[in-house]
Amino acid sequence: MEDTNKLKDEVESAVSRAENLDALEAIRISELGKNGRITLLMKGLGQLGPAERRLVGKKLNELKNTILDLIEKKKRVLESSGIEAQLAEETIDISLPVRPQLTGSIHPISQTIDEVTSIFGEMGFSVEEGPDIEEDWYNFTALNIPPNHPARQEHDTFYLNAEKNGERMVLRTHTSPVQIRTMQSTNPPIRIIVPGRTYRCDHDATHSPMFHQVEGLLVDETTHMGHLKGCLIEFCRAFFGVEDLPVRFRPSYFPFTEPSAEVDIGCTFDGGTLKMGHGDGWLEILGSGMVNPKVLENCGIDSSRYQGFAFGMGIERIAMLKYGIPDLRTFYDSDLRWLRHYGFQPLDVPTVVGRASK
Ligand code: DAH
């Protein structure tokens, strides 16, 4: 009978040299397989006398268990190092620098909203939002545009199907309904701007069925037309980056303001290129006025104590003027070449101090 200790040492060193799972399996078969060394020794036990059989049988059993144990342990080692080798091989080097042509850019509408927000933010205005799908009362009636008022026709409204009570919701035609929502929910003093989407049933080179506006509202006890003028002149000069930009207030009419004024800025059309500043041209850029006392009362604000001013402007329009974008429809085409040309660097955050430059 072979010495089981010697056998054990042999198998132990073979197992430790096995470099992969196949080699390990070959050792298992050659020792413990059907015709394996140890299997054959166990088969030969029958030829031994009872006392010796018990003794050798016990030793062989122990040897078998030791070998199975060795193989199992080695198997676990080989398996985990296999995973490690695989991980090492499949590593992705995420430290590669970003290729410049893959970085996105900020859309001129987002950039313009950020710029407007930053300028009015410096003046103490905060940002409010409201729903795109609006009740008729907020979009029109509370703003002193009652049913059958001619201003309703001018708004080319998208109506939703009538509800059970016969009322039709609208896609808001301007950001002005957020004035009403804010005055209902907040006590004066109020100082807000409202950038957002607006909708009108109109589509050509200068109109899109969806466009953006920014609304402004200030309500306090001593607010007057001088505040309105100072605030909007300051805004126009900061936004267009022209310190002495001429700004003109032209009498106008809006149902929700009284008196009302449209605001024009000075410009020149030298050799076909438009430039903001002193010249003989004027460009209309926004509507404004002192909040009509009827509108204050519709929101539960005492109009004998409070006055306010309000304004509204089209984001696309001021973006087109500032950045020389000739066609409104291109804003929504998602054309990458256009976005690369007119877009802004993501980290080029607008501030009043150092305004974003391309
Ligand atoms: N809501 C107006 C429009 O869509 C713009 C406007 C004009 C808003 C005068 C105002 C305002 O708040 O005072 O044409």
# chains A, B, ... in the order shown; residues from 1 in each chain; ligands from 1
$ residues_near_ligand --ligand "ligand 1" --cutoff "9 Å" --atoms "only C-alpha atoms and all ligand atoms" --output "PyMOL selection string"
chain A and resi 155+173-177+179+198+213-217+253-258+260-262+286-291+309-314
$ write_last_selection --atoms "N, CA and C atoms" --output "tab-separated table (two decimals), in the first residue's frame"
chain	number	residue	atom	x	y	z
A	155	HIS	N	-55.64	87.62	-29.88
A	155	HIS	CA	-54.73	86.65	-29.26
A	155	HIS	C	-54.67	85.30	-29.97
A	173	THR	N	-51.98	82.57	-23.78
A	173	THR	CA	-51.55	83.36	-24.94
A	173	THR	C	-50.47	84.36	-24.54
A	174	HIS	N	-50.25	84.53	-23.26
A	174	HIS	CA	-49.19	85.40	-22.76
A	174	HIS	C	-48.83	84.96	-21.34
A	175	THR	N	-47.75	85.53	-20.78
A	175	THR	CA	-47.37	85.14	-19.41
A	175	THR	C	-48.11	85.99	-18.37
A	176	SER	N	-48.95	86.92	-18.83
A	176	SER	CA	-49.65	87.82	-17.90
A	176	SER	C	-50.54	87.10	-16.87
A	177	PRO	N	-51.15	85.93	-17.18
A	177	PRO	CA	-51.97	85.29	-16.13
A	177	PRO	C	-51.18	84.99	-14.86
A	179	GLN	N	-49.25	87.02	-13.40
A	179	GLN	CA	-49.43	88.23	-12.56
A	179	GLN	C	-50.60	87.99	-11.62
A	198	THR	N	-45.51	80.45	-24.31
A	198	THR	CA	-46.83	80.99	-24.62
A	198	THR	C	-47.24	80.47	-25.99
A	213	GLN	N	-42.21	84.30	-23.59
A	213	GLN	CA	-42.30	85.68	-23.11
A	213	GLN	C	-41.67	85.77	-21.73
A	214	VAL	N	-41.36	87.00	-21.33
A	214	VAL	CA	-41.06	87.21	-19.93
A	214	VAL	C	-41.92	88.38	-19.46
A	215	GLU	N	-42.60	88.11	-18.37
A	215	GLU	CA	-43.52	89.09	-17.79
A	215	GLU	C	-42.82	89.72	-16.60
A	216	GLY	N	-43.17	90.96	-16.28
A	216	GLY	CA	-42.65	91.57	-15.06
A	216	GLY	C	-43.79	92.23	-14.30
A	217	LEU	N	-43.72	92.20	-12.99
A	217	LEU	CA	-44.76	92.85	-12.17
A	217	LEU	C	-44.14	93.37	-10.89
A	253	TYR	N	-52.03	100.94	-25.77
A	253	TYR	CA	-53.20	100.47	-25.03
A	253	TYR	C	-53.09	98.98	-24.73
A	254	PHE	N	-53.23	98.61	-23.46
A	254	PHE	CA	-53.45	97.22	-23.05
A	254	PHE	C	-54.57	97.26	-22.02
A	255	PRO	N	-55.49	96.29	-22.09
A	255	PRO	CA	-56.62	96.33	-21.14
A	255	PRO	C	-56.16	96.24	-19.68
A	256	PHE	N	-55.00	95.61	-19.44
A	256	PHE	CA	-54.58	95.36	-18.04
A	256	PHE	C	-53.71	96.46	-17.47
A	257	THR	N	-53.36	97.47	-18.28
A	257	THR	CA	-52.57	98.59	-17.75
A	257	THR	C	-53.22	99.91	-18.12
A	258	GLU	N	-53.04	100.91	-17.26
A	258	GLU	CA	-53.56	102.24	-17.54
A	258	GLU	C	-52.78	103.27	-16.73
A	260	SER	N	-50.71	102.92	-20.55
A	260	SER	CA	-49.87	101.88	-21.14
A	260	SER	C	-48.84	102.51	-22.06
A	261	ALA	N	-47.71	101.82	-22.21
A	261	ALA	CA	-46.67	102.35	-23.10
A	261	ALA	C	-45.95	101.20	-23.78
A	262	GLU	N	-45.63	101.41	-25.05
A	262	GLU	CA	-44.72	100.47	-25.70
A	262	GLU	C	-43.33	101.08	-25.66
A	286	LEU	N	-40.92	96.00	-26.20
A	286	LEU	CA	-41.79	95.45	-25.15
A	286	LEU	C	-43.01	96.32	-24.89
A	287	GLY	N	-43.99	95.73	-24.19
A	287	GLY	CA	-45.20	96.45	-23.78
A	287	GLY	C	-45.18	96.61	-22.27
A	288	SER	N	-45.77	97.73	-21.80
A	288	SER	CA	-45.70	97.97	-20.35
A	288	SER	C	-46.82	98.91	-19.92
A	289	GLY	N	-46.91	99.17	-18.64
A	289	GLY	CA	-47.87	100.15	-18.14
A	289	GLY	C	-48.06	100.04	-16.65
A	290	MET	N	-48.87	100.98	-16.13
A	290	MET	CA	-49.22	100.92	-14.70
A	290	MET	C	-50.41	99.96	-14.57
A	291	VAL	N	-50.32	99.03	-13.63
A	291	VAL	CA	-51.36	98.00	-13.51
A	291	VAL	C	-52.73	98.66	-13.33
A	309	PHE	N	-46.53	98.47	-11.53
A	309	PHE	CA	-46.27	98.51	-12.98
A	309	PHE	C	-45.99	97.11	-13.47
A	310	ALA	N	-46.22	96.93	-14.78
A	310	ALA	CA	-46.05	95.61	-15.37
A	310	ALA	C	-45.45	95.76	-16.76
A	311	PHE	N	-44.87	94.71	-17.24
A	311	PHE	CA	-44.34	94.73	-18.61
A	311	PHE	C	-44.28	93.30	-19.14
A	312	GLY	N	-44.21	93.19	-20.46
A	312	GLY	CA	-44.10	91.87	-21.07
A	312	GLY	C	-43.33	91.99	-22.36
A	313	MET	N	-42.45	91.00	-22.62
A	313	MET	CA	-41.71	91.05	-23.89
A	313	MET	C	-41.49	89.65	-24.44
A	314	GLY	N	-41.24	89.59	-25.74
A	314	GLY	CA	-41.00	88.32	-26.41
A	314	GLY	C	-39.53	87.96	-26.34
$ residues_around --residues "Leu160 in chain A" --least-positions-apart "3" --cutoff "6 Å" --atoms "only C-alpha atoms" --output "ChimeraX atom specification"
/A:168-170
$ residues_around --residues "Ile119 in chain A" --least-positions-apart "2" --cutoff "9 Å" --atoms "only C-alpha atoms" --output "ChimeraX atom specification"
/A:114-117,121-123,125,235,238-239,351-352
$ atom_distance --atom1 "CA of Thr112 in chain A" --atom2 "CA of Asp244 in chain A"
21.0 Å
$ residues_around --residues "Val263 in chain A" --least-positions-apart "6" --cutoff "7 Å" --atoms "only C-alpha atoms" --output "list of chain:residue names"
A:Val247, A:Arg248, A:Phe249, A:Arg250, A:Glu284, A:Ile285, A:Leu286, A:Gly287
$ atom_distance --atom1 "CA of Asp9 in chain A" --atom2 "CA of Arg53 in chain A"
22.6 Å
$ closest_residue --among "A:Val56, A:Val77, A:Ile106, A:Val219" --to "Pro293 in chain A" --atoms "only C-alpha atoms"
A:Val219
$ select_by_dssp --residues "range 225-279 of chain A" --states "helix (DSSP H, G or I)" --output "MDAnalysis selection string"
chainID A and resid 225:240
$ write_last_selection --atoms "all heavy atoms" --output "compact mmCIF listing (two decimals), in the first residue's frame"
# COMPACT_ATOMS: atom_id res chain seq x y z
N MET A 225 -44.97 105.80 -12.40
CA MET A 225 -44.48 105.66 -13.77
C MET A 225 -42.96 105.88 -13.86
O MET A 225 -42.29 105.28 -14.71
CB MET A 225 -45.22 106.69 -14.64
CG MET A 225 -45.09 106.47 -16.11
SD MET A 225 -46.28 105.26 -16.69
CE MET A 225 -45.74 105.11 -18.39
N GLY A 226 -42.42 106.73 -12.98
CA GLY A 226 -40.97 106.97 -12.98
C GLY A 226 -40.20 105.68 -12.67
O GLY A 226 -39.15 105.41 -13.25
N HIS A 227 -40.75 104.86 -11.75
CA HIS A 227 -40.11 103.58 -11.44
C HIS A 227 -40.12 102.66 -12.66
O HIS A 227 -39.13 102.00 -12.97
CB HIS A 227 -40.83 102.89 -10.27
CG HIS A 227 -40.73 103.65 -8.98
ND1 HIS A 227 -41.82 103.85 -8.16
CD2 HIS A 227 -39.68 104.27 -8.38
CE1 HIS A 227 -41.44 104.54 -7.09
NE2 HIS A 227 -40.15 104.81 -7.21
N LEU A 228 -41.28 102.63 -13.32
CA LEU A 228 -41.41 101.81 -14.53
C LEU A 228 -40.35 102.22 -15.56
O LEU A 228 -39.62 101.37 -16.10
CB LEU A 228 -42.81 101.99 -15.12
CG LEU A 228 -43.01 101.58 -16.58
CD1 LEU A 228 -43.31 100.11 -16.67
CD2 LEU A 228 -44.13 102.36 -17.23
N LYS A 229 -40.24 103.52 -15.79
CA LYS A 229 -39.30 104.00 -16.81
C LYS A 229 -37.86 103.69 -16.40
O LYS A 229 -37.08 103.14 -17.20
CB LYS A 229 -39.46 105.52 -17.03
CG LYS A 229 -40.73 105.87 -17.78
CD LYS A 229 -40.80 107.36 -18.10
CE LYS A 229 -39.84 107.74 -19.23
NZ LYS A 229 -39.96 109.17 -19.61
N GLY A 230 -37.50 104.01 -15.17
CA GLY A 230 -36.12 103.79 -14.73
C GLY A 230 -35.73 102.33 -14.83
O GLY A 230 -34.64 101.98 -15.31
N CYS A 231 -36.64 101.47 -14.40
CA CYS A 231 -36.35 100.04 -14.38
C CYS A 231 -36.15 99.49 -15.80
O CYS A 231 -35.20 98.76 -16.08
CB CYS A 231 -37.54 99.36 -13.68
SG CYS A 231 -37.46 97.59 -13.67
N LEU A 232 -37.05 99.91 -16.72
CA LEU A 232 -36.96 99.36 -18.08
C LEU A 232 -35.81 99.97 -18.89
O LEU A 232 -35.19 99.28 -19.71
CB LEU A 232 -38.30 99.52 -18.82
CG LEU A 232 -39.42 98.65 -18.21
CD1 LEU A 232 -40.74 98.89 -18.93
CD2 LEU A 232 -39.05 97.17 -18.25
N ILE A 233 -35.50 101.24 -18.65
CA ILE A 233 -34.34 101.85 -19.34
C ILE A 233 -33.07 101.11 -18.90
O ILE A 233 -32.24 100.71 -19.71
CB ILE A 233 -34.24 103.37 -19.03
CG1 ILE A 233 -35.40 104.11 -19.67
CG2 ILE A 233 -32.90 103.94 -19.51
CD1 ILE A 233 -35.51 105.58 -19.25
N GLU A 234 -32.98 100.91 -17.58
CA GLU A 234 -31.82 100.20 -17.03
C GLU A 234 -31.69 98.80 -17.64
O GLU A 234 -30.61 98.36 -18.03
CB GLU A 234 -32.00 100.10 -15.51
CG GLU A 234 -30.77 99.72 -14.74
CD GLU A 234 -29.61 100.66 -15.04
OE1 GLU A 234 -29.80 101.89 -15.16
OE2 GLU A 234 -28.51 100.11 -15.17
N PHE A 235 -32.85 98.11 -17.73
CA PHE A 235 -32.83 96.76 -18.29
C PHE A 235 -32.33 96.77 -19.75
O PHE A 235 -31.45 96.00 -20.12
CB PHE A 235 -34.22 96.10 -18.24
CG PHE A 235 -34.29 94.90 -19.13
CD1 PHE A 235 -33.67 93.71 -18.74
CD2 PHE A 235 -34.89 94.96 -20.39
CE1 PHE A 235 -33.66 92.61 -19.59
CE2 PHE A 235 -34.89 93.85 -21.23
CZ PHE A 235 -34.28 92.68 -20.83
N CYS A 236 -32.90 97.66 -20.56
CA CYS A 236 -32.55 97.68 -22.00
C CYS A 236 -31.05 97.92 -22.17
O CYS A 236 -30.39 97.28 -22.99
CB CYS A 236 -33.33 98.77 -22.74
SG CYS A 236 -35.08 98.41 -22.83
N ARG A 237 -30.51 98.86 -21.41
CA ARG A 237 -29.09 99.19 -21.55
C ARG A 237 -28.21 98.02 -21.10
O ARG A 237 -27.20 97.71 -21.74
CB ARG A 237 -28.77 100.47 -20.77
CG ARG A 237 -29.47 101.65 -21.42
CD ARG A 237 -29.18 102.96 -20.74
NE ARG A 237 -29.78 104.03 -21.55
CZ ARG A 237 -29.94 105.28 -21.15
NH1 ARG A 237 -29.54 105.64 -19.94
NH2 ARG A 237 -30.49 106.16 -21.94
N ALA A 238 -28.59 97.38 -20.00
CA ALA A 238 -27.79 96.24 -19.53
C ALA A 238 -27.90 95.07 -20.50
O ALA A 238 -26.91 94.42 -20.84
CB ALA A 238 -28.27 95.81 -18.14
N PHE A 239 -29.12 94.80 -20.98
CA PHE A 239 -29.31 93.63 -21.84
C PHE A 239 -28.56 93.77 -23.17
O PHE A 239 -27.89 92.85 -23.62
CB PHE A 239 -30.80 93.38 -22.09
CG PHE A 239 -31.07 92.19 -22.98
CD1 PHE A 239 -30.98 90.90 -22.47
CD2 PHE A 239 -31.37 92.36 -24.33
CE1 PHE A 239 -31.20 89.80 -23.28
CE2 PHE A 239 -31.58 91.26 -25.15
CZ PHE A 239 -31.50 89.97 -24.62
N PHE A 240 -28.69 94.95 -23.80
CA PHE A 240 -28.04 95.11 -25.10
C PHE A 240 -26.58 95.57 -24.96
O PHE A 240 -25.86 95.66 -25.95
CB PHE A 240 -28.83 96.07 -25.99
CG PHE A 240 -30.12 95.46 -26.47
CD1 PHE A 240 -31.33 95.79 -25.87
CD2 PHE A 240 -30.13 94.51 -27.48
CE1 PHE A 240 -32.53 95.20 -26.28
CE2 PHE A 240 -31.31 93.91 -27.90
CZ PHE A 240 -32.51 94.25 -27.30
$ closest_residue --among "A:Ile265, A:Ile113, A:Ile133, A:Leu339" --to "Ala319 in chain A" --atoms "only C-alpha atoms"
A:Ile113
$ residues_around --residues "Glu19 in chain A" --least-positions-apart "5" --cutoff "12 Å" --atoms "only C-alpha atoms" --output "list in words"
Ala14, Leu24, Glu25, Ala26, Ile27, Lys74, Lys75, Val77, Leu78, Glu79, Ser81 and Gly82 of chain A
